[in-house]
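Chemist: Got a structure here, written out as structure tokens. Questions coming.
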Amino acid sequence: MAQAGEIELRHITKRFDQTLAVDDISLTIPHGSYCCLLGPSGCGKTTILRMIAGHEAPTSGDIRLGGESVVGLPPARRGTAMMFQNYALFPHLNVLDNVAFNLKMRGVRRAERHERAREMLAQVQLDRRFSERMPAQLSGGQQQRVALSRALITKPRVLLLDEPLSALDEFLRLQMRGELRRMQRELGITFVHVTHTQLEAIAVADLVVVMDQGRIEQAASAHEIYTLPASAYVARFMGGQNVLTGTVVTIDGGVATLVDGSGARFATPVKSPAPAVGQEIACCVRRDRVDIEKLRGPSPSPGEATNVAAGTVHAIEYQGSYVKVTIDVLESEQVVAHLADHAFLATPLDIGDAVLARWATEDVYLLTGDLTHPPTGVRPGPLQGRESRSRNL
Amino acid sequence: MRAPQAASSRFTSAPYVLVAPLALVLVVFFGIPLVLVVVVSFFDLDKFDIIPTFVLTNYSELLSSPLTYTLYAKTIKYALIVWAITLVIGFTVSYFLVFHVRSILWQMGLFLLCTVPFWTSNVIRMISWIPLLGRHGLLNQSLIALGLADHPLEFLLFSDFSVVIAYVHLFSLFMIVPIFNSMARIERAVIEAAVDGGASRFRVITDIVIPLSRTGIALGSIFVIALVMGDFFVVKVMSGGQSASVVAAMSNEIAILQYPPAAANAVCLLTIVTLMVAVIMRVVDVRRELSG
Ligand SMILES: Nc1ncnc2c1ncn2[C@@H]1O[C@H](COP(=O)(O)OP(=O)(O)OP(=O)(O)O)[C@@H](O)[C@H]1O
Ligand SMILES: [Mg+2]
């Protein structure tokens, strides 16, 4: 018997005229978990959320909440509540009436609904003195708390949050993200949180769902998504990994050797079923497992050694606890290494230095899945802080 | 000591310079005529000679005549009926255009359709009702042909009915435009949030759409009421001279050169319309909402 807050999507497809927004998705979100839908813009995250809430009907497929199909039910009868992207507070009602609105629609008397609204506002830690203000007179963070209270006041079993933090500044974003997580623990209900920031997703979620173009690439815990990405897309999108591609030339004792376009040789452990010789495969190695040494003497020819990439230093970024070094490799993808700061300071590098990057075969992880489609619209901005996380895992 | 003072006085005069052109236009075309009307309303009248003194006879005669009250009652009745009908039409049409017509192209097309009556002159628009509503008009003939009536319906033309029809026809757009404008600015997400919170379609209208379009409703109401209260032409044509309005009476007075009584009447009408507008503005703070 499914628990009340369990969400099950069965072969959900959503089509808008020409566009296929959601493409045959199946997913189960356990009761009482914090789930993040993560993906680039336009991949269908909002559409999924709106279908769960009942603001959009799936073209085909079934949506089950607590084991019962809710397709066709109006939003208010699903036991879900939605927090909208820009909060969508009622501009003509003060804070208290905004929060009490959903109770008013359920016929709760004025005194009682105001009482409960006050309790709710206290729970999200919004000061009493704001309760008579109009939404336009609140800061973004305060508006967010009001929107959260309004959504939670009817005691939903599922809370759906569409980019709840994107309108906040960096500092508030971190604070509110912690509070959302705290609220979710306290209430014990299911949260589905849509975001396009990797850092946000892995910081709060029990279940991270990485999406691309209307499909789910991987749904797993943050740690698994991060260290054991299911596909080259996930590895690239999450960052923190160097993706290596090539053609298998030999397989020997659970280790496959591949050669890429430039002739460089990489080795990767393989499990059964192993790829066949001659097959195109991709594997990845974490950035913090890559070592860099200065090249003395002539550059080795490609293929001379395994798991080595020769190149020149393209960029050096100091990140506090580590140093991010980007290396241009001839005729191949850039390699990024995260070096511990003391190690870096012992043998400092300069931009333009010729270097060798190397890593151990056991740190390489074989990727399955589709090689042919690159990540769409990976956002470069907020990627950095995430890597520091990878060291803590 | 002098220089900064000069600079600051030049600085503070800037706003006055900026509003000067508008102020000038208002003074010349609105202020002065208004003052003139008020002044003339206190002049005395001897046959057709206007004597510039200060007497209250124009007002006392106006206020002691039962005809005045009948006229005002009639005009206010027209204004309220027309206001109620145009409000319903304006709200319904705007609601349909904003929330049911999905494509912007259709929305614009239908909106333009609402303005079609304004592509011809006022007079033609009104006169075109006559062949439709007249004794041997299209409507009566159809009714008789269909057997729904055995003799022509008299009330269709040259009656209160036809006056109201013409007003509604002429002034609905003044209600539609401002309501449409404020409704179109309601965020879709706000409506969805209400539905998410359990609001029925009806509650969405009463609790969200009406409060959020109240600026437009107030503006439209001001337009329609002021237009009806200030009209004499429609009443004259559409009632076939059987009904009158305050302004029609005024225009008769002016036609026979009775300027001071007409001016007194104008001042009374202005006061009443101003009061009505003030009541509307009290209910809805139009200025604050327009700026916000
Ligand atoms: N009402 C609609 N009509 C037509 N197409 C739509 C509609 N809503 C969404 N789409 C399309 O469906 C796709 C997925 O949209 P969706 O809003 O779910 O993306 P998203 O992942 O939430 O993106 P973002 O991160 O930018 O919010 C997009 O290609 C979008 O253009
Ligand atoms: Mg979205």
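Quick note on naming: the chains in the structure tokens go A, B, ... in the order shown, residues restart at 1 in each chain, and ligands are numbered from 1 in order of appearance.
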If we count only C-alpha atoms, what is near segment 196-199 of chain B at a cut-off of 7 Å, once residues fewer than 6 positions away on the same chain are taken out, given as a list in words?
Modeler: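 Neighbouring residues, sequence-local ones excluded: Pro75, Ala76, Ala81, Met82, Asn102, Met105 and Arg106 of chain A.
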Chemist: Go ahead and write the residues just picked, N, CA and C atoms, as a PDB file, in the first residue's frame.
Modeler:
```pdb
ATOM      1  N   PRO A  75      -7.024  20.660  -9.014  1.00  0.00           N
ATOM      2  CA  PRO A  75      -5.854  20.822  -8.147  1.00  0.00           C
ATOM      3  C   PRO A  75      -6.181  20.712  -6.657  1.00  0.00           C
ATOM      4  N   ALA A  76      -7.279  21.329  -6.246  1.00  0.00           N
ATOM      5  CA  ALA A  76      -7.554  21.392  -4.816  1.00  0.00           C
ATOM      6  C   ALA A  76      -7.939  20.034  -4.243  1.00  0.00           C
ATOM      7  N   ALA A  81      -0.023  21.135  -3.103  1.00  0.00           N
ATOM      8  CA  ALA A  81      -0.020  22.590  -3.099  1.00  0.00           C
ATOM      9  C   ALA A  81       1.182  23.030  -3.893  1.00  0.00           C
ATOM     10  N   MET A  82       1.024  24.157  -4.554  1.00  0.00           N
ATOM     11  CA  MET A  82       2.087  24.590  -5.444  1.00  0.00           C
ATOM     12  C   MET A  82       2.616  25.938  -4.996  1.00  0.00           C
ATOM     13  N   ASN A 102      -6.567  30.118   1.021  1.00  0.00           N
ATOM     14  CA  ASN A 102      -6.977  28.746   0.718  1.00  0.00           C
ATOM     15  C   ASN A 102      -7.981  28.216   1.741  1.00  0.00           C
ATOM     16  N   MET A 105     -11.390  29.695   0.878  1.00  0.00           N
ATOM     17  CA  MET A 105     -12.035  28.954  -0.204  1.00  0.00           C
ATOM     18  C   MET A 105     -12.641  27.652   0.308  1.00  0.00           C
ATOM     19  N   ARG A 106     -12.146  27.176   1.435  1.00  0.00           N
ATOM     20  CA  ARG A 106     -12.705  25.948   2.004  1.00  0.00           C
ATOM     21  C   ARG A 106     -13.753  26.251   3.056  1.00  0.00           C
TER      22      ARG A 106
END
```
Chemist: What are the residues of chain B that have an atom within 12 Å of an atom of chain A, counting only C-alpha atoms, as JSON, numbers by chain?
Modeler: {"B": [185, 186, 187, 188, 189, 190, 191, 192, 193, 194, 195, 196, 197, 198, 199, 200, 201, 202, 203, 204, 206, 207, 208, 209, 210, 211, 212, 213, 214, 215, 289, 292]}
Chemist: Restrict the selected residues to N, CA, C and O atoms and save them as a compact mmCIF listing (two decimals), in the first residue's frame.
Modeler:
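Dumped to out_0.txt:
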```txt
# COMPACT_ATOMS: atom_id res chain seq x y z
N ARG B 185 -3.76 42.93 -17.17
CA ARG B 185 -2.53 42.98 -16.38
C ARG B 185 -2.52 42.00 -15.21
O ARG B 185 -1.55 41.92 -14.48
N ILE B 186 -3.60 41.26 -15.04
CA ILE B 186 -3.62 40.26 -13.97
C ILE B 186 -2.73 39.10 -14.38
O ILE B 186 -2.89 38.55 -15.47
N GLU B 187 -1.82 38.73 -13.52
CA GLU B 187 -0.91 37.64 -13.84
C GLU B 187 -1.67 36.32 -13.87
O GLU B 187 -2.45 36.03 -12.97
N ARG B 188 -1.38 35.51 -14.88
CA ARG B 188 -2.03 34.19 -14.97
C ARG B 188 -1.71 33.35 -13.75
O ARG B 188 -2.54 32.61 -13.25
N ALA B 189 -0.48 33.46 -13.28
CA ALA B 189 -0.06 32.64 -12.14
C ALA B 189 -0.90 32.95 -10.91
O ALA B 189 -1.16 32.07 -10.10
N VAL B 190 -1.35 34.20 -10.79
CA VAL B 190 -2.16 34.57 -9.63
C VAL B 190 -3.50 33.83 -9.68
O VAL B 190 -3.98 33.30 -8.68
N ILE B 191 -4.08 33.76 -10.87
CA ILE B 191 -5.32 33.01 -11.04
C ILE B 191 -5.10 31.54 -10.73
O ILE B 191 -5.87 30.90 -10.03
N GLU B 192 -3.99 31.03 -11.24
CA GLU B 192 -3.69 29.63 -11.01
C GLU B 192 -3.47 29.35 -9.53
O GLU B 192 -3.88 28.31 -9.01
N ALA B 193 -2.83 30.29 -8.86
CA ALA B 193 -2.60 30.12 -7.42
C ALA B 193 -3.94 30.03 -6.69
O ALA B 193 -4.09 29.26 -5.74
N ALA B 194 -4.90 30.81 -7.14
CA ALA B 194 -6.22 30.77 -6.50
C ALA B 194 -6.90 29.42 -6.77
O ALA B 194 -7.47 28.81 -5.86
N VAL B 195 -6.79 28.95 -8.01
CA VAL B 195 -7.37 27.64 -8.33
C VAL B 195 -6.68 26.55 -7.52
O VAL B 195 -7.31 25.64 -7.00
N ASP B 196 -5.37 26.68 -7.40
CA ASP B 196 -4.60 25.72 -6.62
C ASP B 196 -5.07 25.71 -5.17
O ASP B 196 -5.05 24.68 -4.51
N GLY B 197 -5.48 26.88 -4.70
CA GLY B 197 -5.95 26.99 -3.32
C GLY B 197 -7.39 26.56 -3.15
O GLY B 197 -7.93 26.66 -2.05
N GLY B 198 -8.04 26.13 -4.23
CA GLY B 198 -9.38 25.59 -4.09
C GLY B 198 -10.48 26.54 -4.53
O GLY B 198 -11.65 26.29 -4.25
N ALA B 199 -10.14 27.63 -5.20
CA ALA B 199 -11.16 28.57 -5.63
C ALA B 199 -11.90 28.02 -6.85
O ALA B 199 -11.27 27.54 -7.79
N SER B 200 -13.24 28.09 -6.81
CA SER B 200 -14.02 27.72 -7.98
C SER B 200 -13.92 28.86 -8.99
O SER B 200 -13.41 29.93 -8.69
N ARG B 201 -14.44 28.60 -10.18
CA ARG B 201 -14.40 29.63 -11.21
C ARG B 201 -15.10 30.90 -10.72
O ARG B 201 -14.62 32.01 -10.95
N PHE B 202 -16.20 30.71 -10.01
CA PHE B 202 -16.96 31.85 -9.51
C PHE B 202 -16.16 32.60 -8.44
O PHE B 202 -16.08 33.83 -8.46
N ARG B 203 -15.54 31.86 -7.54
CA ARG B 203 -14.75 32.53 -6.50
C ARG B 203 -13.54 33.24 -7.11
O ARG B 203 -13.11 34.28 -6.59
N VAL B 204 -12.98 32.68 -8.18
CA VAL B 204 -11.86 33.37 -8.83
C VAL B 204 -12.33 34.74 -9.30
O VAL B 204 -11.64 35.75 -9.13
N THR B 206 -14.98 36.54 -8.17
CA THR B 206 -15.34 37.48 -7.09
C THR B 206 -14.15 37.85 -6.22
O THR B 206 -14.06 38.98 -5.76
N ASP B 207 -13.24 36.92 -6.00
CA ASP B 207 -12.16 37.19 -5.06
C ASP B 207 -10.87 37.68 -5.71
O ASP B 207 -10.02 38.23 -5.02
N ILE B 208 -10.70 37.41 -6.99
CA ILE B 208 -9.45 37.81 -7.63
C ILE B 208 -9.71 38.79 -8.77
O ILE B 208 -9.17 39.90 -8.77
N VAL B 209 -10.53 38.39 -9.74
CA VAL B 209 -10.64 39.19 -10.96
C VAL B 209 -11.30 40.55 -10.67
O VAL B 209 -10.78 41.59 -11.08
N ILE B 210 -12.40 40.54 -9.94
CA ILE B 210 -13.08 41.83 -9.69
C ILE B 210 -12.20 42.77 -8.86
O ILE B 210 -11.99 43.91 -9.26
N PRO B 211 -11.65 42.32 -7.74
CA PRO B 211 -10.80 43.25 -7.00
C PRO B 211 -9.61 43.77 -7.82
O PRO B 211 -9.22 44.92 -7.68
N LEU B 212 -9.06 42.91 -8.67
CA LEU B 212 -7.89 43.34 -9.41
C LEU B 212 -8.23 44.17 -10.65
O LEU B 212 -7.36 44.76 -11.26
N SER B 213 -9.52 44.20 -11.04
CA SER B 213 -9.86 45.09 -12.15
C SER B 213 -10.67 46.29 -11.68
O SER B 213 -11.28 46.97 -12.48
N ARG B 214 -10.65 46.55 -10.39
CA ARG B 214 -11.51 47.63 -9.89
C ARG B 214 -11.09 49.00 -10.42
O ARG B 214 -11.93 49.87 -10.59
N THR B 215 -9.81 49.19 -10.70
CA THR B 215 -9.41 50.47 -11.29
C THR B 215 -10.11 50.71 -12.61
O THR B 215 -10.64 51.78 -12.87
N GLU B 289 -3.83 53.30 -7.64
CA GLU B 289 -3.73 52.07 -8.41
C GLU B 289 -3.11 52.30 -9.77
O GLU B 289 -2.42 51.45 -10.29
N GLY B 292 0.50 52.44 -9.22
CA GLY B 292 1.14 51.25 -8.64
C GLY B 292 1.22 50.10 -9.54
O GLY B 292 1.14 49.87 -10.60
```
Chemist: Find the residues around segment 63-76 of chain B up to 10 Å (only C-alpha atoms counted), leave out those fewer than 2 positions away in its own chain, and share them as a VMD selection string.
Modeler: chain B and resid 57 to 61 78 to 82 160 225 228 to 232 235 243 to 249 264 to 265 268 to 269 272 to 273
Chemist: Go through the chains and note each residue within 9 Å of ligand 1, using only C-alpha atoms and all ligand atoms, then give the set as a PyMOL selection string.
Modeler: chain A and resi 14-22+37-50+56+85+162-163+194-196+211-214
Chemist: Which is closer to Ala263 of chain B than all the others in B:Met108, B:Met238, B:Leu62, B:Ala149, using only C-alpha atoms?
Modeler: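 Between B:Met108, B:Met238, B:Leu62, B:Ala149, the residue approaching Ala263 of chain B most closely is B:Leu62.
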Chemist: So which bits of segment 245-358 of chain A end up strand (DSSP E) when you DSSP the backbone, as a JSON list (two decimals) with C-alpha atoms, in the first residue's frame?
Modeler:
```
[["chain", "number", "residue", "atom", "x", "y", "z"],
["A", 245, "THR", "CA", 35.44, 9.12, -25.22],
["A", 246, "GLY", "CA", 37.07, 6.69, -27.59],
["A", 247, "THR", "CA", 36.95, 3.36, -29.38],
["A", 248, "VAL", "CA", 37.65, 0.15, -27.49],
["A", 249, "VAL", "CA", 40.83, -1.52, -28.74],
["A", 250, "THR", "CA", 41.41, -4.24, -26.16],
["A", 251, "ILE", "CA", 39.63, -5.79, -23.22],
["A", 252, "ASP", "CA", 41.79, -7.58, -20.75],
["A", 255, "VAL", "CA", 40.00, -3.37, -18.05],
["A", 256, "ALA", "CA", 39.14, -1.89, -21.41],
["A", 257, "THR", "CA", 41.57, 0.25, -23.32],
["A", 258, "LEU", "CA", 40.27, 2.87, -25.67],
["A", 259, "VAL", "CA", 41.86, 5.22, -28.13],
["A", 265, "ARG", "CA", 45.01, 5.80, -24.81],
["A", 266, "PHE", "CA", 42.78, 5.50, -21.78],
["A", 267, "ALA", "CA", 41.97, 2.52, -19.60],
["A", 268, "THR", "CA", 38.75, 1.94, -17.74],
["A", 269, "PRO", "CA", 37.50, -0.86, -15.54],
["A", 280, "GLU", "CA", 32.49, 3.77, -29.06],
["A", 281, "ILE", "CA", 32.34, 4.27, -25.32],
["A", 282, "ALA", "CA", 32.64, 7.07, -22.79],
["A", 283, "CYS", "CA", 34.05, 7.05, -19.32],
["A", 284, "CYS", "CA", 34.78, 9.70, -16.78],
["A", 285, "VAL", "CA", 37.25, 10.56, -14.11],
["A", 286, "ARG", "CA", 36.63, 12.94, -11.25],
["A", 291, "ASP", "CA", 47.20, 14.84, -11.00],
["A", 292, "ILE", "CA", 49.24, 17.36, -12.88],
["A", 293, "GLU", "CA", 52.94, 17.49, -13.36],
["A", 294, "LYS", "CA", 55.09, 19.94, -15.24],
["A", 308, "VAL", "CA", 47.87, 10.57, -19.57],
["A", 309, "ALA", "CA", 46.94, 13.75, -21.36],
["A", 310, "ALA", "CA", 49.54, 16.26, -22.45],
["A", 311, "GLY", "CA", 48.58, 19.86, -22.89],
["A", 312, "THR", "CA", 49.08, 23.46, -21.85],
["A", 313, "VAL", "CA", 47.54, 25.22, -18.89],
["A", 314, "HIS", "CA", 44.57, 27.26, -20.08],
["A", 315, "ALA", "CA", 43.27, 28.72, -16.82],
["A", 316, "ILE", "CA", 43.98, 28.62, -13.11],
["A", 317, "GLU", "CA", 41.23, 29.50, -10.65],
["A", 318, "TYR", "CA", 41.77, 29.66, -6.96],
["A", 322, "TYR", "CA", 41.39, 23.85, -3.89],
["A", 323, "VAL", "CA", 42.73, 25.15, -7.18],
["A", 324, "LYS", "CA", 40.94, 24.49, -10.44],
["A", 325, "VAL", "CA", 43.33, 24.01, -13.35],
["A", 326, "THR", "CA", 42.00, 23.79, -16.89],
["A", 327, "ILE", "CA", 44.24, 22.21, -19.49],
["A", 328, "ASP", "CA", 43.95, 22.48, -23.25],
["A", 329, "VAL", "CA", 44.63, 19.08, -24.75],
["A", 335, "VAL", "CA", 40.80, 18.32, -18.92],
["A", 336, "VAL", "CA", 40.04, 19.94, -15.59],
["A", 337, "ALA", "CA", 41.89, 19.07, -12.41],
["A", 338, "HIS", "CA", 41.16, 20.11, -8.87],
["A", 339, "LEU", "CA", 44.40, 20.26, -6.93],
["A", 340, "ALA", "CA", 44.62, 20.59, -3.19],
["A", 354, "ALA", "CA", 53.26, 22.50, -20.77],
["A", 355, "VAL", "CA", 51.93, 19.85, -18.42],
["A", 356, "LEU", "CA", 50.95, 16.22, -18.15],
["A", 357, "ALA", "CA", 47.67, 15.26, -16.53],
["A", 358, "ARG", "CA", 47.44, 11.69, -15.26]]
```
Chemist: Do you know which residues are at most 8 Å from Pro152 of chain B counting only C-alpha atoms, after dropping those on the same chain fewer than 3 positions away, and could you put them as a PyMOL selection string?
Modeler: chain B and resi 135-136+140-141+144+149
Chemist: Write the selection just made, keeping all heavy atoms, as a short mmCIF file (atom, residue, chain, number, x, y, z; two decimals), in the first residue's frame?
Modeler:
```
data_model
loop_
_atom_site.label_atom_id
_atom_site.label_comp_id
_atom_site.auth_asym_id
_atom_site.auth_seq_id
_atom_site.Cartn_x
_atom_site.Cartn_y
_atom_site.Cartn_z
N ARG B 135 -41.48 51.89 -36.23
CA ARG B 135 -42.79 51.25 -36.28
C ARG B 135 -42.86 50.23 -37.41
O ARG B 135 -43.38 49.14 -37.26
CB ARG B 135 -43.85 52.33 -36.49
CG ARG B 135 -45.20 51.88 -36.05
CD ARG B 135 -46.12 53.06 -35.79
NE ARG B 135 -47.33 52.58 -35.15
CZ ARG B 135 -48.24 51.83 -35.77
NH1 ARG B 135 -48.12 51.54 -37.03
NH2 ARG B 135 -49.30 51.38 -35.11
N HIS B 136 -42.31 50.61 -38.56
CA HIS B 136 -42.26 49.67 -39.69
C HIS B 136 -40.84 49.20 -39.91
O HIS B 136 -40.42 48.89 -41.02
CB HIS B 136 -42.81 50.34 -40.95
CG HIS B 136 -44.20 50.85 -40.75
ND1 HIS B 136 -45.29 49.99 -40.65
CD2 HIS B 136 -44.68 52.11 -40.57
CE1 HIS B 136 -46.37 50.72 -40.43
NE2 HIS B 136 -46.03 52.00 -40.37
N ASN B 140 -39.72 45.09 -35.98
CA ASN B 140 -41.17 44.92 -35.91
C ASN B 140 -41.67 44.04 -37.03
O ASN B 140 -42.51 43.16 -36.82
CB ASN B 140 -41.86 46.29 -35.95
CG ASN B 140 -42.11 46.81 -34.53
OD1 ASN B 140 -42.33 46.01 -33.62
ND2 ASN B 140 -42.07 48.11 -34.36
N GLN B 141 -41.18 44.28 -38.24
CA GLN B 141 -41.63 43.48 -39.38
C GLN B 141 -41.29 42.01 -39.19
O GLN B 141 -42.10 41.13 -39.47
CB GLN B 141 -40.99 44.00 -40.66
CG GLN B 141 -41.67 45.29 -41.13
CD GLN B 141 -41.16 45.76 -42.46
OE1 GLN B 141 -40.17 45.24 -42.97
NE2 GLN B 141 -41.80 46.75 -43.04
N ILE B 144 -43.59 40.47 -36.60
CA ILE B 144 -44.93 40.22 -37.13
C ILE B 144 -44.90 39.05 -38.11
O ILE B 144 -45.75 38.15 -38.07
CB ILE B 144 -45.49 41.49 -37.80
CG1 ILE B 144 -45.73 42.52 -36.70
CG2 ILE B 144 -46.77 41.20 -38.58
CD1 ILE B 144 -46.07 43.90 -37.20
N ALA B 149 -45.69 38.84 -32.78
CA ALA B 149 -46.46 40.02 -32.36
C ALA B 149 -47.51 40.27 -33.43
O ALA B 149 -47.27 40.01 -34.61
CB ALA B 149 -45.54 41.24 -32.24
#
```
Chemist: For a test of reading the model, state the distance in Å between atom CA of Ser159 of chain B and atom CA of Ser128 of chain B, rounded to one decimal.
Modeler: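 Between atom CA of Ser159 of chain B and atom CA of Ser128 of chain B the gap works out to 15.7 Å.
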